[in-house]
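The structure under discussion appears below in the form of structure tokens.
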There are 2 protein chains.
Amino acid sequence: MIVLENLSEVYDLIFIFVQLIRKNMYRTHTCGELRIQDTAKQVTLSGWVQRSRDLGGMTFVDLRDRYGITQLVFNMEASADLRREARRLGREFVIQASGIVAERSNKNPKMPTGDIEIIVNTLTVLNESVTPPFTIEAETDGGDELRMKYRYLDLRREPLKNNLLLRHRMAFETRNYFNTHQFIEIETPVLIKSTPEGARDFVVPSRVNPGQFYALPQSPQTFKQLLMVAGYDRYVQIVKCFRDEDLRADRQPEFSQIDCEMSFVQQEDILNMFEGMVRHLFKTIKGIEFSELLPRLTYNQALEQYGNDKPDIRVEMKIHDLTAVAKGKGFGVIDSAPFTGGICAKGCSEYSRKQLDELTEFVKKPQIGAKGLLYVKYGTDSGIKSSVDKFYGAEDLKQWLEPFHAEAGDLLLVLTGERIPTLKALGELRLEMGNRLNLRRKGEFKPLWVLDFPLLEWDNEVKRFFAMHHPFTSPKPEDISLLDTDPGKVRANAYDFVINGVEVGGGSIRIHSETLQKKMFQTLGFTDEDAERQFGFLMQAFRYGAPPHGGIAFGFDRLVSLFAGEESIRDVIAFPKNNAARDVMIDSPAEISAEQLQELSIKVEVRKV
Amino acid sequence: MIVLENLSEVYDLIFIFVQLIRKNMYRTHTCGELRIQDTAKQVTLSGWVQRSRDLGGMTFVDLRDRYGITQLVFNMEASADLRREARRLGREFVIQASGIVAERSNKNPKMPTGDIEIIVNTLTVLNESVTPPFTIEAETDGGDELRMKYRYLDLRREPLKNNLLLRHRMAFETRNYFNTHQFIEIETPVLIKSTPEGARDFVVPSRVNPGQFYALPQSPQTFKQLLMVAGYDRYVQIVKCFRDEDLRADRQPEFSQIDCEMSFVQQEDILNMFEGMVRHLFKTIKGIEFSELLPRLTYNQALEQYGNDKPDIRVEMKIHDLTAVAKGKGFGVIDSAPFTGGICAKGCSEYSRKQLDELTEFVKKPQIGAKGLLYVKYGTDSGIKSSVDKFYGAEDLKQWLEPFHAEAGDLLLVLTGERIPTLKALGELRLEMGNRLNLRRKGEFKPLWVLDFPLLEWDNEVKRFFAMHHPFTSPKPEDISLLDTDPGKVRANAYDFVINGVEVGGGSIRIHSETLQKKMFQTLGFTDEDAERQFGFLMQAFRYGAPPHGGIAFGFDRLVSLFAGEESIRDVIAFPKNNAARDVMIDSPAEISAEQLQELSIKVEVRKV
């Protein structure tokens with residue numbers, strides 16, 4: 001006998017009963033789930049009307065949800081009422097349909113559900129839709145602006161949906177990797193303090209502390225170093241960062257990074273750990289395994305071989321120095337230039353006048369800055385022709401071809417001038433040739449490390465050195481003595497991670513010795529007071545036993561966009577802002593009320609320009 | 001024969017070689033890792049000096065890192081130099097020590113590494129430490145203020161370290177659970193738009209859009225509903241939210257929530273899914289399995305039985321209504337009161353005068369608000385004594401005892417007055433008795449759902465109804481007709497999740513029909529223009545096919561603090577702010593420079609008070 005003490009127990013029992021018999025009322029399956037072996041099942045699906053077609057006695061509706069598309073069939077013979085209802089369905093209506101799974105007569109092998117259709121016997125319109133302003137298809141007729149405004153509709157399109165799914169999986173696998181390696185994800189604060197050098201900080205007035213402001217972090221750098229001082233030797237966080245800068249190209253005022261720091265490590269430990277992360281992501285997400293250790297180039301090598309500190313090594317075409325072999329033959333342009341170098345374009349010896357003119361135009365663009373382009377054609381008949389035949393005979397030009405191991409049919413492209421600008425111009429020319437020769441293939445990934453960045457950069461305007469990374473970056477131990485004699489030559493324990501010509505990560509070993517840190521501040525021209533004012537707080541923490549440490553941060557938006565094969569990080573962010581830092585969907589930023597301003601103890605004062 | 005084409009290939013080979021022979025220079029093991037079976041191994045550890053002791057010819061140092069503590073031994077006989085060095089080590093010095101693992105003669109069974117020690121042969125001081133301002137021990141001598149200022153030192157203490165580790169594991173397992181259930185984690189923006197009702201929004205002036213402001217989200221509510229419109233039927237995010245309010249009790253201006261939304265679901269689906277999450281966390285993190293369906297109470301039941309809409313059901317002691325049995329015996333206090341109710345404290349019949357006076361004082365506190373306390377003692381000798389003997393005989397009082405199934409030795413505590421305030425006062429008294437009887441045990445967890453919250457709350461000041469949850473919360477379908485006749489009676493499809501008397505989660509099924517939404521706005525006294533101005537943007541999105549949907553958000557800080565057994569959420573946040581919303585460690589918020597203000601087109605204008 002069951003004794004029930006009171007109504008509440010009856011209520012409990014009813015709940016348990018309901019729970020047992022209850023199924024989701026809205027659907028038994030998703031629109032991506034049913035297969036031929038489900039034939040004859042009674043099912044219920046819910047989703048959006050992708051399209052509908054009337055064919056003879058039947059109406060076909062493609063029903064879409066996040067998981068796929070399933071074909072619904074409304075049969076005139078079975079129920080004229082039902083079919084009439086079906087014919088009223090507009091694009092993007094939200095409906096629920098029940099029916100029997102049937103094998104399709106004309107199967108669609110392109111769709112996972114293409115072998116079946118649902119013979120509908122019940123239809124419920126869950127919500128109607130006005131006509132969407134653009135087609136919800138992979139290839140849409142909507143312009144950028146319109147799609148940004150109706151982002152919630154744009155997000156229904158297959159490519160964006162796949163990008164957000166990819167992003168989720170990448171974040172998930174990133175966390176998996178780090179969790180396996182004993183990293184702790186720790187949330188650092190979003191409301192922090194503006195620093196004197198934080199000119200691009202977003203600030204937040206504090207209502208309860210009138211006249212005072214928080215700042216949003218450009219990165220959790222200080223906090224992650226504090227976590228090392230606190231003993232959390234493996235920290236990771238996928239974290240939002242903020243920068244109020246004039247937006248160029250493909251930046252966002254808020255962006256996400258995979259932020260990491262480790263203690264009791266040297267550079268090598270860090271490279272291994274994060275190379276491991278990248279390998280894990282490529283393997284789990286894209287099924288790509290890199291069998292060998294990823295390439296590592298020093299900053300100088302990258303510049304010498306690729307004219308770029310973030311080389312796209314999908315394009316092999318290395319730069320070679322021709323200065324020695326080209327000089328002294330009476331060609332003033334080369335003789336007077338400190339540097340002559342070239343690249344070898346395989347199989348391009350038959351380039352036409354027009355093509356060579358285009359390349360000449362390319363290198364003479366102001367942002368490339370070369371004065372002109374020289375070439376040597378190593379014809380398929382092994383004949384050698386060049387734009388400098390007047391000064392160089394075939395034997396001379398063979399010497400030029402040698403470092404490239406050029407073969408008949410190749411084309412040598414040569415620039416001359418100041419060393420660094422010429423290397424960089426050759427770097428751009430490499431990429432241009434890579435594009436022309438279709439060597440920068442989507443779906444091919446060539447990651448590498450670039451190491452040994454210079455510690456300092458000379459600023460000619462203010463006539464002092466600046467830290468290339470930040471003032472806590474450690475110089476290479478063997479270069480420390482150069483801090484006194486030739487600071488510009490000092491190399492840092494700093495590293496970038498590059499994929500296909502895009503810098504996706506960067507970091508450094510930090511200074512943990514107070515003496516070295518002081519020396520560094522001196523080199524940067526800081527007085528003790530400057531250093532104290534700007535970095536005193538972190539310096540103080542360092543006095544309580546800072547371990548040797550270093551870290552790295554990866555641009556998560558950029559990494560996802562690379563994996564997705566998208567040009568813009570906007571395509572992998574659910575609700576991005578436009579190039580004017582505006583969210584046109586919600587119309588933000590916007591004015592706020594006078595009361596709100598007064599509460600915050602601030603006043604708007606727009607300068608006349 | 002290996003042909004190397006150029007220096008870079010040699011360089012590559014060297015790297016591979018280095019990689020193969022390279023080990024972490026700083027440590028071979030962590031300080032929590034070595035066991036008796038490692039005896040005789042040569043090892044290297046790095047960490048912080050927890051304490052050191054000189055005993056006869058030896059110095060013992062406890063070396064600490066995130067993973068544990070290992071005892072180092074410096075032997076005078078082996079090397080006097082080494083021991084001299086060891087004696088100079090101060091608390092919190094960062095050192096690296098190499099030596100041989102040896103079995104300890106006096107083992108420490110409380111430490112996982114307590115069976116061994118390291119006979120050190122090499123010692124390197126990696127960094128010194130000035131004396132920390134408080135002891136880095138589980139029980140520290142540092143006050144709150146001091147520990148907040150040196151948070152990076154406080155975080156070295158075992159309890160805080162364990163809390164952050166717990167937080168990491170909970171976030172990780174939360175994501176695991178949702179990933180398994182096909183949820184997608186999608187990042188919603190942090191820079192959004194201030195809404196007219198967003199009086200407690202933090203705002204962010206936009207430099208590139210002078211005079212305009214972003215707002216920081218109090219929750220991603222709008223965006224998650226847009227994601228449902230966009231078809232992402234299972235959304236989750238562990239996300240930072242912000243509220244600029246006067247901080248009371250245990251609030252933080254920035255806090256984290258587990259934010260979720262689902263489409264094509266009814267309330268029951270949501271309750272099951274998120275009950276599943278809580279079960280998963282208890283099981284994986286604390287090894288606790290709840291065998292039965294978690295209890296569910298309606299809002300009304302919670303109030304009637306526990307005097308509280310977030311009852312702590314570790315304390316069983318239910319309230320019973322005694323109005324009917326107590327009335328009409330000539331006791332004016334009870335006869336004139338609309339409600340009389342009580343609770344039964346097991347085994348408390350021997351409470352002294354003093355104890356009963358204390359309880360009377362307790363219920364008379366202004367925040368409880370009862371006028372007095374009545375009691376009935378059901379003595380261990382089965383005799384009945386009460387504070388109302390003048391009006392009620394033993395037979396009358398037996399009737400009082402009946403609904404409680406009271407036994408000899410129990411004590412009935414009775415309050416009388418207006419129904420709701422009296423129920424609430426009894427609710428407080430329950431908790432007080434729970435504390436006195438030690439029924440609110442740490443480590444015991446009693447989660448439950450509270451359902452069917454009222455849809456609307458009447459505000460007596462502005463004389464209108466307000467949405468108890470938010471204006472998109474769906475009424476129960478069977479109550480919709482009451483919107484016209486008796487709006488205060490309408491129950492919502494809204495639910496809270498409660499553990500041990502703390503509301504840790506709450507959510508609702510949303511309205512997805514435009515007609516019902518309009519009705520709701522009317523009931524709330526909104527004109528069409530008001531509704532359009534405040535919610536137009538979301539309403540517009542809903543016109544393009546909004547699916548039935550609903551969601552929930554869990555306070556992640558609060559959930560972690562419950563699991564950690566901590567009273568304050570500050571103890572589970574790495575870098576919290578104090579009750580004045582200040583970060584005393586970095587001294588934020590702070591003033592910013594005049595140039596920065598000018599750049600942002602704002603001016604500080606603090607009102608004189």
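Ordering of the structure tokens sets the chain letters (A, B, ...); residue numbers start at 1 within each chain; ligands are numbered from 1 in the order shown.
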What residues in chain A have any atom no more than 6 Å from chain B when counting only C-alpha atoms, and can you write them as a ChimeraX atom specification?
/A:26,66,92-94,127-130,152-153,155-156,168,184-185,193,203-204,211-214,226,230-231,264,543-545,588-591,601-606
Expected file: the selected residues, N, CA, C and O atoms, as a compact mmCIF listing (two decimals), in the first residue's frame:
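Result saved to result.txt:
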# COMPACT_ATOMS: atom_id res chain seq x y z
N TYR A 26 7.25 19.16 -30.11
CA TYR A 26 7.47 19.84 -31.38
C TYR A 26 8.12 18.99 -32.46
O TYR A 26 7.98 19.25 -33.63
N ARG A 66 18.64 23.70 -38.27
CA ARG A 66 20.10 23.78 -38.15
C ARG A 66 20.78 22.52 -38.67
O ARG A 66 21.94 22.55 -39.05
N GLU A 92 10.21 30.94 -45.19
CA GLU A 92 10.61 31.22 -43.80
C GLU A 92 9.47 31.13 -42.79
O GLU A 92 9.66 31.50 -41.63
N PHE A 93 8.32 30.63 -43.20
CA PHE A 93 7.30 30.28 -42.21
C PHE A 93 7.88 29.20 -41.29
O PHE A 93 8.64 28.35 -41.74
N VAL A 94 7.51 29.24 -40.02
CA VAL A 94 7.92 28.20 -39.09
C VAL A 94 6.77 27.21 -38.97
O VAL A 94 5.67 27.61 -38.57
N ASN A 127 4.54 29.78 -36.73
CA ASN A 127 4.68 31.22 -36.86
C ASN A 127 4.79 31.57 -38.33
O ASN A 127 5.42 30.84 -39.10
N GLU A 128 4.19 32.69 -38.71
CA GLU A 128 4.32 33.13 -40.09
C GLU A 128 5.57 33.97 -40.23
O GLU A 128 6.23 34.30 -39.24
N SER A 129 5.89 34.31 -41.46
CA SER A 129 7.03 35.19 -41.69
C SER A 129 6.67 36.16 -42.79
O SER A 129 6.04 35.78 -43.78
N VAL A 130 7.03 37.44 -42.60
CA VAL A 130 6.94 38.35 -43.73
C VAL A 130 8.06 37.97 -44.69
O VAL A 130 8.98 37.22 -44.33
N TYR A 152 20.31 38.37 -38.14
CA TYR A 152 19.63 37.15 -37.67
C TYR A 152 19.09 36.33 -38.84
O TYR A 152 18.91 35.13 -38.70
N LEU A 153 18.85 36.97 -39.98
CA LEU A 153 18.44 36.21 -41.16
C LEU A 153 19.67 35.70 -41.91
O LEU A 153 19.70 34.56 -42.40
N LEU A 155 22.36 34.86 -40.63
CA LEU A 155 22.90 33.72 -39.86
C LEU A 155 22.17 32.41 -40.16
O LEU A 155 22.63 31.34 -39.78
N ARG A 156 21.01 32.51 -40.83
CA ARG A 156 20.31 31.28 -41.23
C ARG A 156 20.99 30.63 -42.43
O ARG A 156 20.73 29.46 -42.72
N HIS A 168 32.54 27.05 -32.70
CA HIS A 168 32.23 26.32 -31.48
C HIS A 168 33.17 25.11 -31.32
O HIS A 168 33.73 24.89 -30.25
N ILE A 184 44.70 25.64 -16.56
CA ILE A 184 43.46 26.07 -15.91
C ILE A 184 42.92 27.27 -16.67
O ILE A 184 43.68 28.20 -16.95
N GLU A 185 41.64 27.24 -17.00
CA GLU A 185 41.04 28.44 -17.57
C GLU A 185 40.61 29.34 -16.42
O GLU A 185 39.84 28.93 -15.55
N LYS A 193 41.87 48.87 -15.41
CA LYS A 193 42.32 50.26 -15.21
C LYS A 193 42.99 50.76 -16.48
O LYS A 193 43.77 50.04 -17.10
N VAL A 203 36.93 53.19 -22.29
CA VAL A 203 36.77 53.45 -20.86
C VAL A 203 35.29 53.40 -20.48
O VAL A 203 34.41 53.53 -21.32
N VAL A 204 35.05 53.20 -19.19
CA VAL A 204 33.70 53.00 -18.66
C VAL A 204 33.56 53.86 -17.41
O VAL A 204 34.19 53.59 -16.40
N GLY A 211 33.49 60.52 -11.54
CA GLY A 211 34.71 61.09 -12.09
C GLY A 211 35.79 60.06 -12.36
O GLY A 211 36.87 60.40 -12.83
N GLN A 212 35.49 58.80 -12.01
CA GLN A 212 36.49 57.76 -12.23
C GLN A 212 36.01 56.77 -13.30
O GLN A 212 34.82 56.63 -13.55
N PHE A 213 36.98 56.12 -13.90
CA PHE A 213 36.69 55.26 -15.05
C PHE A 213 37.39 53.91 -14.91
O PHE A 213 38.49 53.83 -14.39
N TYR A 214 36.72 52.88 -15.40
CA TYR A 214 37.39 51.62 -15.67
C TYR A 214 37.90 51.67 -17.11
O TYR A 214 37.51 52.55 -17.88
N LEU A 226 50.39 38.19 -13.42
CA LEU A 226 50.10 38.08 -11.99
C LEU A 226 49.72 36.65 -11.60
O LEU A 226 50.06 36.17 -10.52
N ALA A 230 51.25 34.23 -8.89
CA ALA A 230 50.40 33.53 -7.93
C ALA A 230 50.57 32.01 -7.99
O ALA A 230 49.96 31.29 -7.19
N GLY A 231 51.37 31.52 -8.95
CA GLY A 231 51.69 30.11 -8.95
C GLY A 231 50.85 29.22 -9.85
O GLY A 231 51.00 28.00 -9.83
N PHE A 264 58.00 28.32 -15.31
CA PHE A 264 59.08 27.32 -15.30
C PHE A 264 59.28 26.73 -16.69
O PHE A 264 59.37 25.52 -16.86
N ARG A 543 58.29 41.49 -6.98
CA ARG A 543 59.24 41.42 -5.84
C ARG A 543 58.92 40.25 -4.90
O ARG A 543 59.73 39.91 -4.06
N TYR A 544 57.73 39.68 -5.07
CA TYR A 544 57.32 38.60 -4.15
C TYR A 544 57.51 37.21 -4.75
O TYR A 544 56.70 36.33 -4.57
N GLY A 545 58.61 37.05 -5.50
CA GLY A 545 58.87 35.70 -6.01
C GLY A 545 58.18 35.42 -7.33
O GLY A 545 57.26 34.61 -7.38
N SER A 588 23.97 50.63 -32.82
CA SER A 588 24.82 50.99 -31.70
C SER A 588 26.21 51.31 -32.22
O SER A 588 26.64 50.73 -33.21
N PRO A 589 26.96 52.26 -31.62
CA PRO A 589 26.60 53.02 -30.43
C PRO A 589 25.50 54.03 -30.73
O PRO A 589 25.19 54.29 -31.87
N ALA A 590 24.94 54.58 -29.65
CA ALA A 590 23.85 55.53 -29.78
C ALA A 590 23.94 56.56 -28.66
O ALA A 590 24.70 56.38 -27.71
N GLU A 591 23.15 57.62 -28.81
CA GLU A 591 23.12 58.61 -27.73
C GLU A 591 22.43 58.01 -26.51
O GLU A 591 21.61 57.11 -26.63
N SER A 601 27.92 61.27 -13.99
CA SER A 601 28.79 62.43 -13.78
C SER A 601 29.64 62.76 -14.99
O SER A 601 30.81 63.12 -14.88
N ILE A 602 29.06 62.59 -16.18
CA ILE A 602 29.78 63.03 -17.38
C ILE A 602 28.86 63.86 -18.27
O ILE A 602 27.64 63.90 -18.10
N LYS A 603 29.48 64.54 -19.21
CA LYS A 603 28.79 65.42 -20.12
C LYS A 603 29.41 65.20 -21.49
O LYS A 603 30.61 64.98 -21.60
N VAL A 604 28.57 65.23 -22.51
CA VAL A 604 29.12 65.09 -23.86
C VAL A 604 29.63 66.45 -24.32
O VAL A 604 28.99 67.48 -24.11
N GLU A 605 30.78 66.47 -24.93
CA GLU A 605 31.34 67.72 -25.43
C GLU A 605 32.08 67.42 -26.73
O GLU A 605 33.27 67.12 -26.73
N VAL A 606 31.33 67.46 -27.82
CA VAL A 606 31.92 67.14 -29.12
C VAL A 606 32.67 68.37 -29.63
O VAL A 606 32.09 69.45 -29.72
Just how far from atom CA of A:Ala97 is atom CA of A:Leu55, in Å to one decimal?
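Computed distance, atom CA of A:Leu55 to atom CA of A:Ala97, equals 19.4 Å.
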Just want the 10 Å neighbourhood of A:Asp484, counted on only C-alpha atoms, with same-chain residues fewer than 4 positions away dropped. Output as a ChimeraX atom specification.
/A:480,490,519,522-523
File of the preceding selection, N, CA and C atoms, as a PDB file, in the first residue's frame:
ATOM      1  N   ILE A 480      72.326  40.048 -24.119  1.00  0.00           N
ATOM      2  CA  ILE A 480      72.105  41.062 -23.084  1.00  0.00           C
ATOM      3  C   ILE A 480      73.214  42.110 -23.068  1.00  0.00           C
ATOM      4  N   VAL A 490      69.887  43.674 -30.437  1.00  0.00           N
ATOM      5  CA  VAL A 490      69.478  42.687 -29.436  1.00  0.00           C
ATOM      6  C   VAL A 490      68.253  41.912 -29.934  1.00  0.00           C
ATOM      7  N   LYS A 519      67.401  47.470 -16.283  1.00  0.00           N
ATOM      8  CA  LYS A 519      68.274  47.709 -17.440  1.00  0.00           C
ATOM      9  C   LYS A 519      67.421  47.974 -18.686  1.00  0.00           C
ATOM     10  N   GLN A 522      65.925  51.388 -18.595  1.00  0.00           N
ATOM     11  CA  GLN A 522      66.943  52.380 -18.937  1.00  0.00           C
ATOM     12  C   GLN A 522      67.102  52.477 -20.450  1.00  0.00           C
ATOM     13  N   THR A 523      67.224  51.296 -21.071  1.00  0.00           N
ATOM     14  CA  THR A 523      67.418  51.273 -22.520  1.00  0.00           C
ATOM     15  C   THR A 523      66.260  51.947 -23.241  1.00  0.00           C
TER      16      THR A 523
END
Using only C-alpha atoms, find the one residue out of B:Phe554, B:Ile569, B:Gly501, B:Ala324 that sits nearest to B:Asp259.
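Among B:Phe554, B:Ile569, B:Gly501, B:Ala324, it is B:Phe554 that comes nearest to B:Asp259.
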Among the residues A:Lys371, A:Arg558, A:Arg491, A:His280, the one that comes closest to A:Val572 [using only C-alpha atoms]
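Nearest candidate to A:Val572 out of A:Lys371, A:Arg558, A:Arg491, A:His280: A:Arg558.
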Given only C-alpha atoms as the counted atoms, nearest of B:Met262, B:Met539, B:Val236, B:Asp496 to B:Thr515
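Closest candidate: B:Met539.
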Find the residues near A:Leu413: any atom within 6 Å, counting only C-alpha atoms, skip ones fewer than 4 places away on the same chain, and give them as an NGL selection string.
:A and (342-343 or 374-375)
Please, what distance in Å, to one decimal, runs between atom CA of A:Thr416 and atom CA of A:His320?
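Interatomic distance, atom CA of A:Thr416 to atom CA of A:His320: 11.9 Å.
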What does the distance between atom CA of B:Leu271 and atom CA of B:Met317 come to in Å, to one decimal place?
26.1 Å
